[in-house]
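data22.cif (mmCIF, C-alpha atoms)
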data_entry
loop_
_atom_site.label_atom_id
_atom_site.label_comp_id
_atom_site.auth_asym_id
_atom_site.auth_seq_id
_atom_site.Cartn_x
_atom_site.Cartn_y
_atom_site.Cartn_z
CA MET A 208 -8.55 45.29 -40.21
CA ARG A 209 -10.00 41.93 -39.27
CA ILE A 210 -10.34 39.25 -41.95
CA SER A 211 -13.44 37.10 -41.70
CA THR A 212 -12.76 33.37 -41.76
CA THR A 213 -16.05 32.89 -43.61
CA MET A 214 -15.03 34.96 -46.65
CA LEU A 215 -14.12 33.36 -49.96
CA ALA A 216 -10.43 32.42 -50.02
CA THR A 217 -8.48 30.64 -52.73
CA LEU A 218 -5.02 29.14 -53.09
CA GLN A 219 -3.80 28.86 -56.67
CA THR A 220 -0.28 28.38 -57.96
CA ALA A 221 1.79 26.13 -60.22
CA LYS A 222 0.34 22.68 -60.82
CA SER A 223 3.35 20.98 -59.20
CA VAL A 224 5.83 22.48 -56.74
CA PHE A 225 9.16 21.01 -55.62
CA THR A 226 11.25 22.69 -52.92
CA GLY A 227 14.45 21.92 -51.07
CA MET A 228 18.14 21.33 -51.73
CA ASP A 229 18.88 19.67 -55.09
CA SER A 230 15.22 19.63 -56.06
CA VAL A 231 16.53 20.92 -59.41
CA ASN A 232 17.27 17.29 -60.22
CA LYS A 233 13.51 16.82 -60.73
CA ILE A 234 13.82 18.78 -63.99
CA ALA A 235 14.69 15.74 -66.08
CA GLU A 236 11.70 13.73 -64.88
CA GLU A 237 9.32 16.63 -65.37
CA ALA A 238 10.69 17.45 -68.83
CA LYS A 239 10.06 13.88 -69.94
CA ARG A 240 6.38 14.31 -69.09
CA PHE A 241 6.23 17.11 -71.65
CA GLY A 242 8.06 15.30 -74.43
CA GLY A 243 11.68 15.84 -73.44
CA SER A 244 12.30 18.83 -75.71
CA VAL A 245 12.98 22.03 -73.77
CA LEU A 246 13.97 25.64 -74.49
CA ILE A 247 15.82 27.21 -71.56
CA VAL A 248 15.02 30.93 -71.16
CA CYS A 249 17.59 32.87 -69.14
CA ASP A 250 19.92 35.87 -69.19
CA LYS A 251 23.62 36.04 -70.01
CA GLY A 252 24.52 36.28 -66.32
CA ILE A 253 22.94 32.91 -65.59
CA ALA A 254 24.83 31.42 -68.51
CA GLU A 255 28.14 32.91 -67.34
CA ALA A 256 27.58 31.79 -63.73
CA GLY A 257 27.38 28.15 -64.81
CA LEU A 258 23.80 27.66 -63.61
CA MET A 259 22.54 27.18 -67.15
CA ASP A 260 25.17 24.51 -67.76
CA ARG A 261 24.09 22.68 -64.61
CA VAL A 262 20.45 22.58 -65.70
CA LYS A 263 21.33 21.83 -69.31
CA GLY A 264 23.52 18.94 -68.17
CA ILE A 265 20.74 17.41 -66.07
CA LEU A 266 18.39 17.55 -69.04
CA GLU A 267 20.85 16.25 -71.62
CA ASP A 268 21.94 13.39 -69.35
CA SER A 269 18.33 12.21 -69.45
CA GLY A 270 18.28 12.34 -73.24
CA ALA A 271 16.32 15.59 -73.58
CA LYS A 272 16.74 17.94 -76.52
CA VAL A 273 17.79 21.34 -75.13
CA GLY A 274 17.87 24.80 -76.68
CA ILE A 275 18.98 28.10 -75.18
CA PHE A 276 17.46 31.59 -75.35
CA ALA A 277 19.82 33.70 -73.22
CA GLU A 278 18.72 37.18 -74.29
CA VAL A 279 16.61 38.19 -71.29
CA GLU A 280 17.34 41.63 -69.81
CA PRO A 281 16.31 43.32 -66.55
CA GLU A 282 12.84 44.87 -66.61
CA PRO A 283 12.31 43.00 -69.92
CA ARG A 284 10.88 44.77 -72.93
CA ILE A 285 7.76 43.12 -74.27
CA GLU A 286 9.55 42.65 -77.60
CA LEU A 287 11.77 40.01 -75.97
CA VAL A 288 8.77 37.72 -75.71
CA THR A 289 8.36 37.80 -79.49
CA GLN A 290 12.05 36.94 -79.94
CA CYS A 291 11.72 34.05 -77.50
CA VAL A 292 8.62 32.75 -79.32
CA GLU A 293 10.55 32.73 -82.60
CA ALA A 294 13.40 30.78 -81.00
CA ALA A 295 10.96 28.22 -79.60
CA ARG A 296 9.17 27.78 -82.91
CA ASN A 297 12.42 27.40 -84.83
CA GLY A 298 13.44 24.55 -82.56
CA SER A 299 9.99 22.96 -82.25
CA TYR A 300 10.32 22.67 -78.48
CA ALA A 301 7.63 20.97 -76.44
CA ALA A 302 8.17 22.95 -73.22
CA ILE A 303 9.66 26.23 -71.97
CA LEU A 304 11.97 26.32 -68.95
CA GLY A 305 12.43 29.69 -67.28
CA LEU A 306 15.71 29.84 -65.34
CA GLY A 307 16.79 32.92 -63.40
CA GLY A 308 15.16 35.90 -61.75
CA GLY A 309 11.68 37.24 -62.33
CA SER A 310 12.56 38.69 -65.73
CA SER A 311 13.52 35.31 -67.17
CA LEU A 312 10.53 33.57 -65.62
CA ASP A 313 8.15 36.23 -66.96
CA VAL A 314 9.56 36.05 -70.48
CA ALA A 315 9.20 32.25 -70.35
CA LYS A 316 5.58 32.55 -69.21
CA GLY A 317 4.80 35.14 -71.86
CA ALA A 318 6.33 33.04 -74.64
CA ALA A 319 4.41 29.96 -73.48
CA VAL A 320 1.13 31.90 -73.65
CA VAL A 321 1.73 32.94 -77.26
CA LEU A 322 2.96 29.50 -78.33
CA GLY A 323 -0.19 27.90 -76.96
CA ASN A 324 -2.71 30.52 -78.06
CA GLY A 325 -1.29 32.15 -81.19
CA GLY A 326 -1.28 35.86 -81.99
CA LYS A 327 1.20 38.12 -80.20
CA ILE A 328 1.89 38.84 -76.55
CA GLU A 329 0.28 42.29 -76.77
CA ASP A 330 -3.07 40.53 -77.39
CA TYR A 331 -3.01 39.19 -73.83
CA VAL A 332 -1.91 42.27 -71.87
CA GLY A 333 -4.57 42.85 -69.23
CA ILE A 334 -6.57 40.74 -66.81
CA GLY A 335 -8.22 37.47 -67.83
CA LEU A 336 -7.46 37.63 -71.56
CA VAL A 337 -5.64 34.31 -72.04
CA PRO A 338 -8.11 31.78 -73.56
CA LYS A 339 -6.27 28.59 -72.59
CA ARG A 340 -3.06 27.29 -71.09
CA GLY A 341 0.02 27.77 -73.19
CA LEU A 342 2.97 25.52 -73.88
CA PRO A 343 4.02 23.61 -70.73
CA THR A 344 6.30 25.65 -68.46
CA ILE A 345 8.89 24.69 -65.86
CA LEU A 346 10.01 27.65 -63.75
CA VAL A 347 13.26 27.49 -61.78
CA PRO A 348 14.20 30.67 -59.84
CA THR A 349 17.85 31.42 -59.12
CA THR A 350 17.05 34.48 -56.99
CA SER A 351 14.86 34.83 -53.92
CA GLY A 352 12.71 37.79 -54.81
CA THR A 353 9.83 37.99 -57.26
CA GLY A 354 8.18 34.65 -56.51
CA SER A 355 7.21 34.62 -60.19
CA GLU A 356 7.33 30.82 -60.20
CA ALA A 357 4.19 30.90 -58.02
CA THR A 358 2.17 33.61 -59.78
CA LYS A 359 -0.30 34.18 -62.60
CA TYR A 360 1.55 37.35 -63.63
CA ALA A 361 3.98 38.02 -66.46
CA ILE A 362 5.19 41.63 -66.31
CA PHE A 363 6.96 43.52 -69.11
CA THR A 364 8.04 47.03 -70.01
CA GLN A 365 6.05 48.48 -72.90
CA GLY A 366 7.07 52.00 -73.82
CA ASN A 367 7.37 53.84 -70.51
CA MET A 368 4.94 51.67 -68.56
CA LYS A 369 4.92 48.28 -66.91
CA GLN A 370 2.28 46.04 -68.49
CA GLY A 371 1.06 42.69 -67.25
CA VAL A 372 -0.46 39.52 -68.59
CA ILE A 373 -2.58 38.41 -65.64
CA ASP A 374 -4.53 35.19 -65.91
CA PRO A 375 -4.77 31.79 -64.17
CA ASN A 376 -3.70 30.24 -67.49
CA VAL A 377 -0.25 31.78 -66.89
CA TYR A 378 0.49 29.58 -63.86
CA ALA A 379 3.45 27.27 -64.41
CA ASP A 380 3.03 23.56 -64.81
CA VAL A 381 6.05 22.98 -62.56
CA ALA A 382 7.85 25.25 -60.09
CA ILE A 383 11.19 24.09 -58.67
CA VAL A 384 12.52 26.12 -55.73
CA ASP A 385 16.05 24.93 -55.00
CA PRO A 386 18.13 27.10 -52.61
CA SER A 387 21.36 25.60 -53.96
CA LEU A 388 20.80 27.65 -57.13
CA THR A 389 20.84 30.91 -55.14
CA VAL A 390 24.13 30.44 -53.28
CA SER A 391 26.19 32.24 -55.93
CA MET A 392 24.02 35.39 -55.83
CA PRO A 393 26.16 38.46 -55.01
CA PRO A 394 25.30 40.37 -51.81
CA ALA A 395 23.74 43.34 -53.63
CA ILE A 396 21.39 41.15 -55.66
CA THR A 397 20.56 39.07 -52.58
CA ALA A 398 19.62 42.27 -50.75
CA ALA A 399 17.52 43.73 -53.56
CA THR A 400 15.62 40.56 -54.38
CA GLY A 401 15.13 39.77 -50.70
CA MET A 402 13.52 43.15 -50.11
CA ASP A 403 11.20 42.51 -53.06
CA ALA A 404 10.05 39.26 -51.47
CA LEU A 405 9.60 40.99 -48.10
CA CYS A 406 7.45 43.62 -49.82
CA HIS A 407 5.14 40.90 -51.08
CA GLY A 408 4.64 39.53 -47.58
CA ILE A 409 4.14 42.92 -45.93
CA GLU A 410 1.85 44.30 -48.62
CA THR A 411 -0.41 41.27 -48.88
CA TYR A 412 -0.71 41.01 -45.11
CA THR A 413 -1.98 44.59 -44.99
CA SER A 414 -3.97 44.47 -48.23
CA LEU A 415 -7.74 44.92 -48.23
CA ALA A 416 -7.78 41.84 -50.47
CA ALA A 417 -6.14 39.66 -47.81
CA THR A 418 -7.72 36.31 -46.95
CA PRO A 419 -7.21 33.86 -44.08
CA ILE A 420 -5.04 31.74 -46.39
CA SER A 421 -2.92 34.63 -47.61
CA ASP A 422 -2.52 35.85 -44.02
CA LEU A 423 -1.07 32.52 -42.95
CA ILE A 424 1.42 32.48 -45.81
CA ALA A 425 2.31 36.18 -45.51
CA ARG A 426 3.17 35.83 -41.83
CA GLU A 427 5.55 32.97 -42.60
CA CYS A 428 7.04 34.92 -45.51
CA VAL A 429 7.86 37.90 -43.28
CA THR A 430 9.21 35.67 -40.50
CA LEU A 431 11.56 33.71 -42.78
CA ILE A 432 12.93 36.77 -44.55
CA GLY A 433 13.14 38.91 -41.42
CA ARG A 434 15.33 36.36 -39.67
CA SER A 435 17.55 35.34 -42.60
CA LEU A 436 18.06 38.17 -45.11
CA ARG A 437 20.99 39.70 -43.25
CA THR A 438 22.78 36.34 -43.07
CA ALA A 439 22.07 35.57 -46.73
CA VAL A 440 23.58 38.92 -47.74
CA TYR A 441 26.76 38.65 -45.69
CA ASN A 442 27.26 34.87 -45.58
CA GLY A 443 25.77 33.64 -48.82
CA ARG A 444 27.07 30.09 -48.33
CA ASP A 445 24.80 29.65 -45.30
CA ILE A 446 22.35 27.07 -46.60
CA GLU A 447 19.83 27.57 -43.80
CA ALA A 448 19.58 31.26 -44.62
CA ARG A 449 19.38 30.58 -48.36
CA SER A 450 16.67 27.99 -47.73
CA ASP A 451 14.66 30.45 -45.65
CA MET A 452 14.98 33.07 -48.38
CA ALA A 453 14.04 30.70 -51.21
CA LEU A 454 10.95 29.50 -49.37
CA GLY A 455 10.11 33.01 -48.17
CA SER A 456 10.28 34.27 -51.75
CA PHE A 457 7.99 31.48 -52.95
CA TYR A 458 5.55 32.28 -50.14
CA GLY A 459 5.68 35.93 -51.19
CA GLY A 460 4.67 34.90 -54.71
CA LEU A 461 1.82 32.84 -53.30
CA CYS A 462 0.62 35.86 -51.33
CA LEU A 463 0.95 38.16 -54.31
CA THR A 464 -1.05 35.96 -56.65
CA ASN A 465 -3.79 35.05 -54.18
CA ALA A 466 -4.33 38.37 -52.41
CA SER A 467 -2.47 41.12 -54.32
CA VAL A 468 -0.18 43.91 -53.22
CA THR A 469 -0.85 47.57 -52.46
CA ALA A 470 0.57 51.05 -53.05
CA VAL A 471 4.25 50.08 -52.77
CA HIS A 472 4.17 48.32 -56.12
CA ALA A 473 2.06 51.08 -57.63
CA VAL A 474 4.62 53.77 -56.78
CA SER A 475 7.57 51.59 -57.78
CA PHE A 476 6.34 50.78 -61.31
CA PRO A 477 7.15 54.22 -62.80
CA LEU A 478 10.64 54.08 -61.28
CA GLY A 479 11.38 50.90 -63.20
CA ALA A 480 9.77 52.01 -66.44
CA ASP A 481 11.18 55.56 -66.57
CA TYR A 482 14.53 55.21 -64.81
CA HIS A 483 15.23 51.47 -65.17
CA VAL A 484 15.51 51.03 -61.41
CA PRO A 485 15.58 47.29 -60.63
CA HIS A 486 12.20 46.19 -59.32
CA GLY A 487 13.49 45.05 -55.92
CA ILE A 488 15.34 48.32 -55.32
CA ALA A 489 12.33 50.40 -56.36
CA ASN A 490 10.07 48.49 -53.98
CA ALA A 491 12.58 48.68 -51.15
CA VAL A 492 13.09 52.44 -51.40
CA MET A 493 9.36 53.10 -51.38
CA LEU A 494 8.32 50.46 -48.82
CA PRO A 495 8.97 52.31 -45.50
CA HIS A 496 7.35 55.50 -46.77
CA VAL A 497 4.17 53.73 -47.87
CA MET A 498 4.15 51.80 -44.58
CA ARG A 499 4.45 55.05 -42.61
CA PHE A 500 1.47 56.43 -44.54
CA ASN A 501 -0.57 53.26 -44.04
CA TYR A 502 0.04 52.03 -40.51
CA VAL A 503 -2.47 54.34 -38.79
CA ALA A 504 -5.22 52.66 -40.83
CA SER A 505 -4.34 49.16 -39.63
CA LEU A 506 -2.62 49.34 -36.26
CA GLU A 507 -3.09 45.71 -35.27
CA ARG A 508 -1.67 44.32 -38.51
CA PHE A 509 1.33 46.61 -38.58
CA SER A 510 1.95 45.84 -34.92
CA ARG A 511 1.97 42.14 -35.79
CA LEU A 512 4.43 42.80 -38.62
CA ALA A 513 6.84 44.39 -36.15
CA GLU A 514 6.65 41.29 -33.98
CA LEU A 515 7.18 38.98 -36.97
CA MET A 516 10.34 40.91 -37.82
CA GLY A 517 11.74 40.31 -34.35
CA GLU A 518 10.83 43.57 -32.63
CA ASN A 519 10.05 43.51 -28.90
CA ILE A 520 6.69 45.27 -28.69
CA GLY A 521 5.54 44.03 -25.27
CA SER A 522 5.77 47.39 -23.49
CA LEU A 523 4.57 49.53 -26.38
CA SER A 524 1.19 51.00 -27.13
CA LEU A 525 -0.58 49.64 -30.20
CA ARG A 526 0.32 52.72 -32.20
CA GLU A 527 3.95 52.62 -31.10
CA ALA A 528 4.13 48.92 -31.96
CA ALA A 529 2.66 49.56 -35.41
CA GLU A 530 5.20 52.29 -36.08
CA ARG A 531 7.95 49.93 -34.97
CA SER A 532 7.26 47.84 -38.11
CA VAL A 533 8.46 50.79 -40.20
CA ILE A 534 11.56 51.16 -38.04
CA ALA A 535 12.27 47.43 -38.40
CA VAL A 536 12.21 47.72 -42.20
CA GLU A 537 14.42 50.83 -42.18
CA THR A 538 16.92 49.12 -39.89
CA LEU A 539 17.03 46.06 -42.11
CA MET A 540 17.64 48.21 -45.19
CA LYS A 541 20.48 50.01 -43.44
CA ASP A 542 22.02 46.73 -42.29
CA ILE A 543 22.05 45.21 -45.79
CA ASN A 544 23.33 48.43 -47.37
CA ILE A 545 20.53 48.93 -49.85
CA PRO A 546 19.65 52.34 -51.37
CA ARG A 547 17.15 54.19 -49.21
CA THR A 548 16.40 57.38 -51.15
CA LEU A 549 15.36 58.44 -54.63
CA GLN A 550 18.37 60.75 -54.61
CA GLU A 551 20.65 57.71 -54.49
CA LEU A 552 18.86 56.46 -57.61
CA ASP A 553 19.48 59.77 -59.45
CA ILE A 554 15.78 60.56 -59.68
CA PRO A 555 15.20 64.34 -59.64
CA LYS A 556 12.59 65.96 -57.43
CA GLU A 557 11.17 67.59 -60.54
CA ALA A 558 9.99 64.16 -61.68
CA ILE A 559 7.75 63.63 -58.66
CA PRO A 560 4.47 65.08 -60.06
CA SER A 561 4.77 62.90 -63.16
CA LEU A 562 5.67 59.82 -61.12
CA ALA A 563 2.67 60.38 -58.85
CA GLU A 564 0.28 60.82 -61.75
CA ARG A 565 1.51 57.60 -63.31
CA ALA A 566 1.25 55.71 -60.02
CA LEU A 567 -2.32 56.94 -59.61
CA THR A 568 -3.31 55.02 -62.76
CA VAL A 569 -2.46 51.68 -61.09
CA GLN A 570 -5.87 51.48 -59.44
CA ARG A 571 -5.94 47.67 -59.39
CA LEU A 572 -3.28 47.93 -56.65
CA LEU A 573 -4.19 51.23 -55.01
CA GLY A 574 -7.69 49.86 -54.45
CA ASN A 575 -6.17 47.26 -52.11
CA ASN A 576 -4.28 49.82 -50.03
CA PRO A 577 -5.43 49.83 -46.38
CA ARG A 578 -5.64 53.62 -46.41
CA ALA A 579 -7.38 55.58 -49.17
CA ILE A 580 -4.73 57.30 -51.26
CA LYS A 581 -5.00 60.35 -53.50
CA LEU A 582 -2.64 62.18 -55.85
CA ALA A 583 -1.50 64.58 -53.13
CA ASP A 584 -0.69 61.61 -50.88
CA LEU A 585 1.38 59.98 -53.61
CA ILE A 586 3.31 63.20 -54.15
CA ASN A 587 4.00 63.42 -50.43
CA ILE A 588 5.20 59.80 -50.32
CA TYR A 589 7.64 60.38 -53.17
CA GLU A 590 8.88 63.58 -51.52
CA ARG A 591 9.55 61.73 -48.26
CA ALA A 592 11.55 59.16 -50.24
CA CYS A 593 13.89 61.81 -51.71
#
Using the file provided, produce a representation of the structure as structure tokens.
Amino acid sequence: MRISTTMLATLQTAKSVFTGMDSVNKIAEEAKRFGGSVLIVCDKGIAEAGLMDRVKGILEDSGAKVGIFAEVEPEPRIELVTQCVEAARNGSYAAILGLGGGSSLDVAKGAAVVLGNGGKIEDYVGIGLVPKRGLPTILVPTTSGTGSEATKYAIFTQGNMKQGVIDPNVYADVAIVDPSLTVSMPPAITAATGMDALCHGIETYTSLAATPISDLIARECVTLIGRSLRTAVYNGRDIEARSDMALGSFYGGLCLTNASVTAVHAVSFPLGADYHVPHGIANAVMLPHVMRFNYVASLERFSRLAELMGENIGSLSLREAAERSVIAVETLMKDINIPRTLQELDIPKEAIPSLAERALTVQRLLGNNPRAIKLADLINIYERAC
């Protein structure tokens, strides 16, 4: 698959982006631009880890009014957005600050949309349904995974399906990517979120929607994560590794929002909705099996992925080099001790037909897959993942 350099390519993300150690200190200055009245949206874990207190202290030292909504949960229910909106309205806050992993950032984005446009969050589920920008948002990730701070997506669980608000009006006003906020992440969370970010780079690089701009960013995403995820998992105080992961995750979000992912995310969505499998774990378990299905359709790109992940492909045929990308991912997963089968996630084989049928409905992603994929293919991919 060769991408033409003459095709239309865009690069959209948050209005302002700050990266690097202690960039979190920019929060006070940015909050003042929005009126100095901020609701922090996070989960209880962030509050207990002291990260919320650090951010709250920076804001309060500058004279800002600060409120806390610490009710976010993994794979957040869409109802949480309504609760967050009520908390923001009760405090008359001028801006929303999402602090945490993708769940917290998505709830913050969803609440901002409703506060700026009225109605309820369900009114905006879909693509291009947000009339105007919402309340100002500052997004501060404390994990290196979803890249939500860079994207136009806010994803929620509604019933037994993942639903998304997808619109350029969802982009944050400010994204702050500070690796110092990720140092306290436990190894298991570092591994799971890191694999999620790697998925974004791999999928967008092989997506039919890839552009010259997304290619450039995706290659750097895969390089940074491929060289540093192991160190970040086993030596979390290593700032160089944490910096690579934080930037790699942000790059993954840039790729995701400007080119889109493929079948990996499509097959992982039902796992999260039905069995509450964390998004990063679901993506990781399915990634090598989708790659193995896809690589024959894009040998050059998968060969390049192997090289980006540190594989020596000099003496290999193109097909062998492409397959080596799958081996590189499987080796990485083994090294960081992440689940590698659906069996480890307690998902029964009997569920596979239903999972495949549900995945088949995610055509906005399957349409980007480098190899045409049918229901029978999806069933086979799930079976290989057992």
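Shell of Asp481 of chain A at 9 Å, with all atoms listed in the file counted and residues fewer than 4 places along the chain excluded, is Asn367, Met368, Phe476, Pro477 and Leu562 of chain A.
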Determine, for each residue of segment 453-530 of chain A having at least one atom at most 12 Å from an atom of segment 369-372 of chain A, the closest pair of atoms and their separation in Å to one decimal, counting all atoms listed in the file; order by chain and ascending number, as CSV.
residue,atom,partner,partner_atom,distance
A:His472,CA,A:Lys369,CA,10.8
A:Ala473,CA,A:Lys369,CA,10.1
A:Val474,CA,A:Lys369,CA,11.5
A:Ser475,CA,A:Lys369,CA,10.1
A:Phe476,CA,A:Lys369,CA,6.3
A:Pro477,CA,A:Lys369,CA,7.6
A:Leu478,CA,A:Lys369,CA,9.9
A:Gly479,CA,A:Lys369,CA,7.9
A:Ala480,CA,A:Lys369,CA,6.1
A:Asp481,CA,A:Lys369,CA,9.6
A:His483,CA,A:Lys369,CA,10.9
A:His486,CA,A:Lys369,CA,10.7
Exercise. Of the candidates A:Ala558, A:Leu287, A:Ile432, A:Ala357, which shows the shortest atom-to-atom distance to Thr400 of chain A, using only C-alpha atoms?
Worked result: A:Ile432
Quick one: contact table of segment 527-573 of chain A to segment 503-516 of chain A, 7 Å max, nearest atom pair and distance in Å to one decimal per residue, counting all atoms listed in the file, chain and number order, as CSV?
residue,atom,partner,partner_atom,distance
A:Ala528,CA,A:Ser510,CA,4.8
A:Ala529,CA,A:Ser510,CA,3.8
A:Arg531,CA,A:Ala513,CA,5.8
A:Ser532,CA,A:Ala513,CA,4.0
A:Ala535,CA,A:Ala513,CA,6.6
Mind dumping the selected residues with C-alpha atoms as an mmCIF file, in the frame of the given file?
data_model
loop_
_atom_site.group_PDB
_atom_site.id
_atom_site.type_symbol
_atom_site.label_atom_id
_atom_site.label_comp_id
_atom_site.auth_asym_id
_atom_site.auth_seq_id
_atom_site.Cartn_x
_atom_site.Cartn_y
_atom_site.Cartn_z
ATOM 1 C CA ALA A 528 4.130 48.920 -31.960
ATOM 2 C CA ALA A 529 2.660 49.560 -35.410
ATOM 3 C CA ARG A 531 7.950 49.930 -34.970
ATOM 4 C CA SER A 532 7.260 47.840 -38.110
ATOM 5 C CA ALA A 535 12.270 47.430 -38.400
#
Problem set entry | Chain and number of each residue from the PyMOL selection byres ((chain A and resi 408) around 8), as a list in words | Ala404, Leu405, Cys406, His407, Ile409, Glu410, Thr411, Tyr412, Ile424, Ala425, Arg426, Cys428, Val429, Tyr458, Gly459, Cys462 and Leu463 of chain A
For this session: I need the residue set behind the PyMOL selection byres ((chain A and resi 587) around 12) for this file; please write it as a PyMOL selection string.
Result: chain A and resi 474+493+496-497+499-500+556+559-560+562-563+580-586+588-593
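The two atoms in question, atom CA of Gly309 of chain A and atom CA of Gly352 of chain A, are spaced 7.6 Å apart.
If only C-alpha atoms are the atoms counted, then among A:Ala256, A:Ala470, A:Ala295, A:Val569 the closest residue to Ser414 of chain A is A:Ala470.
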For this session: Run the PyMOL selection byres ((chain A and resi 444) around 12) on the file and write out the hits as JSON, numbers by chain.
Result: {"A": [386, 387, 388, 389, 390, 391, 392, 393, 394, 397, 438, 439, 440, 441, 442, 443, 445, 446, 447, 448, 449, 450]}
Exercise. Which value, in Å to one decimal, gives the distance between atom CA of Tyr300 of chain A and atom CA of Ala361 of chain A?
Worked result: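 According to the coordinates, atom CA of Tyr300 of chain A and atom CA of Ala361 of chain A are separated by 20.5 Å.
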For this session: Determine the nearest neighbour of Gly366 of chain A from the options A:Ala302, A:Met498, A:Val224, A:Ile285, counting only C-alpha atoms.
Result: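 Of the candidates, the smallest distance to Gly366 of chain A is held by A:Ile285.
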For this session: Mind checking which residues fall within 8 Å of Lys251 of chain A, counting all atoms listed in the file, ignoring those fewer than 5 positions away in the same chain, and posting them as an MDAnalysis selection string?
Result: chainID A and resid 277:279
Problem set entry | Closest of A:Gln290, A:Ile362, A:Ser351, A:Met259 to Ser310 of chain A - atom-to-atom distances counting only C-alpha atoms |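 For Ser310 of chain A, the nearest of the candidates is A:Ile362.
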For this session: Enter the distance from atom CA of Ser244 of chain A to atom CA of Ile303 of chain A, in Å, rounded to one decimal.
Result: 8.7 Å
List as a PDB file with C-alpha atoms, keeping the file's coordinate frame the protein and nucleic acid residues near segment 335-343 of chain A, meaning an atom at most 10 Å away when only C-alpha atoms are counted, but skip any in the same chain fewer than 6 places from it.
ATOM      1  CA  ALA A 238      10.690  17.450 -68.830  1.00  0.00           C
ATOM      2  CA  ARG A 240       6.380  14.310 -69.090  1.00  0.00           C
ATOM      3  CA  PHE A 241       6.230  17.110 -71.650  1.00  0.00           C
ATOM      4  CA  GLY A 242       8.060  15.300 -74.430  1.00  0.00           C
ATOM      5  CA  VAL A 245      12.980  22.030 -73.770  1.00  0.00           C
ATOM      6  CA  TYR A 300      10.320  22.670 -78.480  1.00  0.00           C
ATOM      7  CA  ALA A 301       7.630  20.970 -76.440  1.00  0.00           C
ATOM      8  CA  ALA A 302       8.170  22.950 -73.220  1.00  0.00           C
ATOM      9  CA  ILE A 303       9.660  26.230 -71.970  1.00  0.00           C
ATOM     10  CA  LEU A 304      11.970  26.320 -68.950  1.00  0.00           C
ATOM     11  CA  ALA A 315       9.200  32.250 -70.350  1.00  0.00           C
ATOM     12  CA  LYS A 316       5.580  32.550 -69.210  1.00  0.00           C
ATOM     13  CA  GLY A 317       4.800  35.140 -71.860  1.00  0.00           C
ATOM     14  CA  ALA A 318       6.330  33.040 -74.640  1.00  0.00           C
ATOM     15  CA  ALA A 319       4.410  29.960 -73.480  1.00  0.00           C
ATOM     16  CA  VAL A 320       1.130  31.900 -73.650  1.00  0.00           C
ATOM     17  CA  VAL A 321       1.730  32.940 -77.260  1.00  0.00           C
ATOM     18  CA  LEU A 322       2.960  29.500 -78.330  1.00  0.00           C
ATOM     19  CA  GLY A 323      -0.190  27.900 -76.960  1.00  0.00           C
ATOM     20  CA  ASN A 324      -2.710  30.520 -78.060  1.00  0.00           C
ATOM     21  CA  GLY A 325      -1.290  32.150 -81.190  1.00  0.00           C
ATOM     22  CA  ILE A 328       1.890  38.840 -76.550  1.00  0.00           C
ATOM     23  CA  VAL A 372      -0.460  39.520 -68.590  1.00  0.00           C
ATOM     24  CA  ILE A 373      -2.580  38.410 -65.640  1.00  0.00           C
ATOM     25  CA  ASP A 374      -4.530  35.190 -65.910  1.00  0.00           C
ATOM     26  CA  PRO A 375      -4.770  31.790 -64.170  1.00  0.00           C
ATOM     27  CA  ASN A 376      -3.700  30.240 -67.490  1.00  0.00           C
ATOM     28  CA  VAL A 377      -0.250  31.780 -66.890  1.00  0.00           C
ATOM     29  CA  TYR A 378       0.490  29.580 -63.860  1.00  0.00           C
ATOM     30  CA  ALA A 379       3.450  27.270 -64.410  1.00  0.00           C
ATOM     31  CA  ASP A 380       3.030  23.560 -64.810  1.00  0.00           C
ATOM     32  CA  VAL A 381       6.050  22.980 -62.560  1.00  0.00           C
TER      33      VAL A 381
END
Set up a box along x, y and z of the file covering all listed atoms of segment 460-474 of chain A, add 3 Å on every one of the six sides, and write the centre and edge lengths in Å to one decimal, as JSON.
{"center_x": 0.2, "center_y": 43.3, "center_z": -54.5, "size_x": 15.0, "size_y": 26.9, "size_z": 12.3}
For this session: For Ile420 of chain A, list every protein, DNA or RNA residue within 10 Å, evaluated using only C-alpha atoms, and leave out those in the same chain fewer than 6 positions away; present the list as a VMD selection string.
Result: chain A and resid 212 215 to 218 461 to 462 465 to 466
Exercise. Nearest to Thr464 of chain A among A:Met452, A:Ile275, A:Val231, A:Ala417, with distances taken over all atoms listed in the file: which residue is it?
Worked result: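 Result for the nearest residue to Thr464 of chain A: A:Ala417.
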Exercise. If you count all atoms listed in the file, which residues fall within 9 Å of Ile396 of chain A, apart from same-chain ones fewer than 5 positions away, as a ChimeraX atom specification?
Worked result: /A:350,401,440,487
Exercise. Taking into account all atoms listed in the file, which residue in the set A:Thr548, A:Ser269, A:Thr344, A:Thr349 is nearest to Cys249 of chain A?
Worked result: A:Thr349
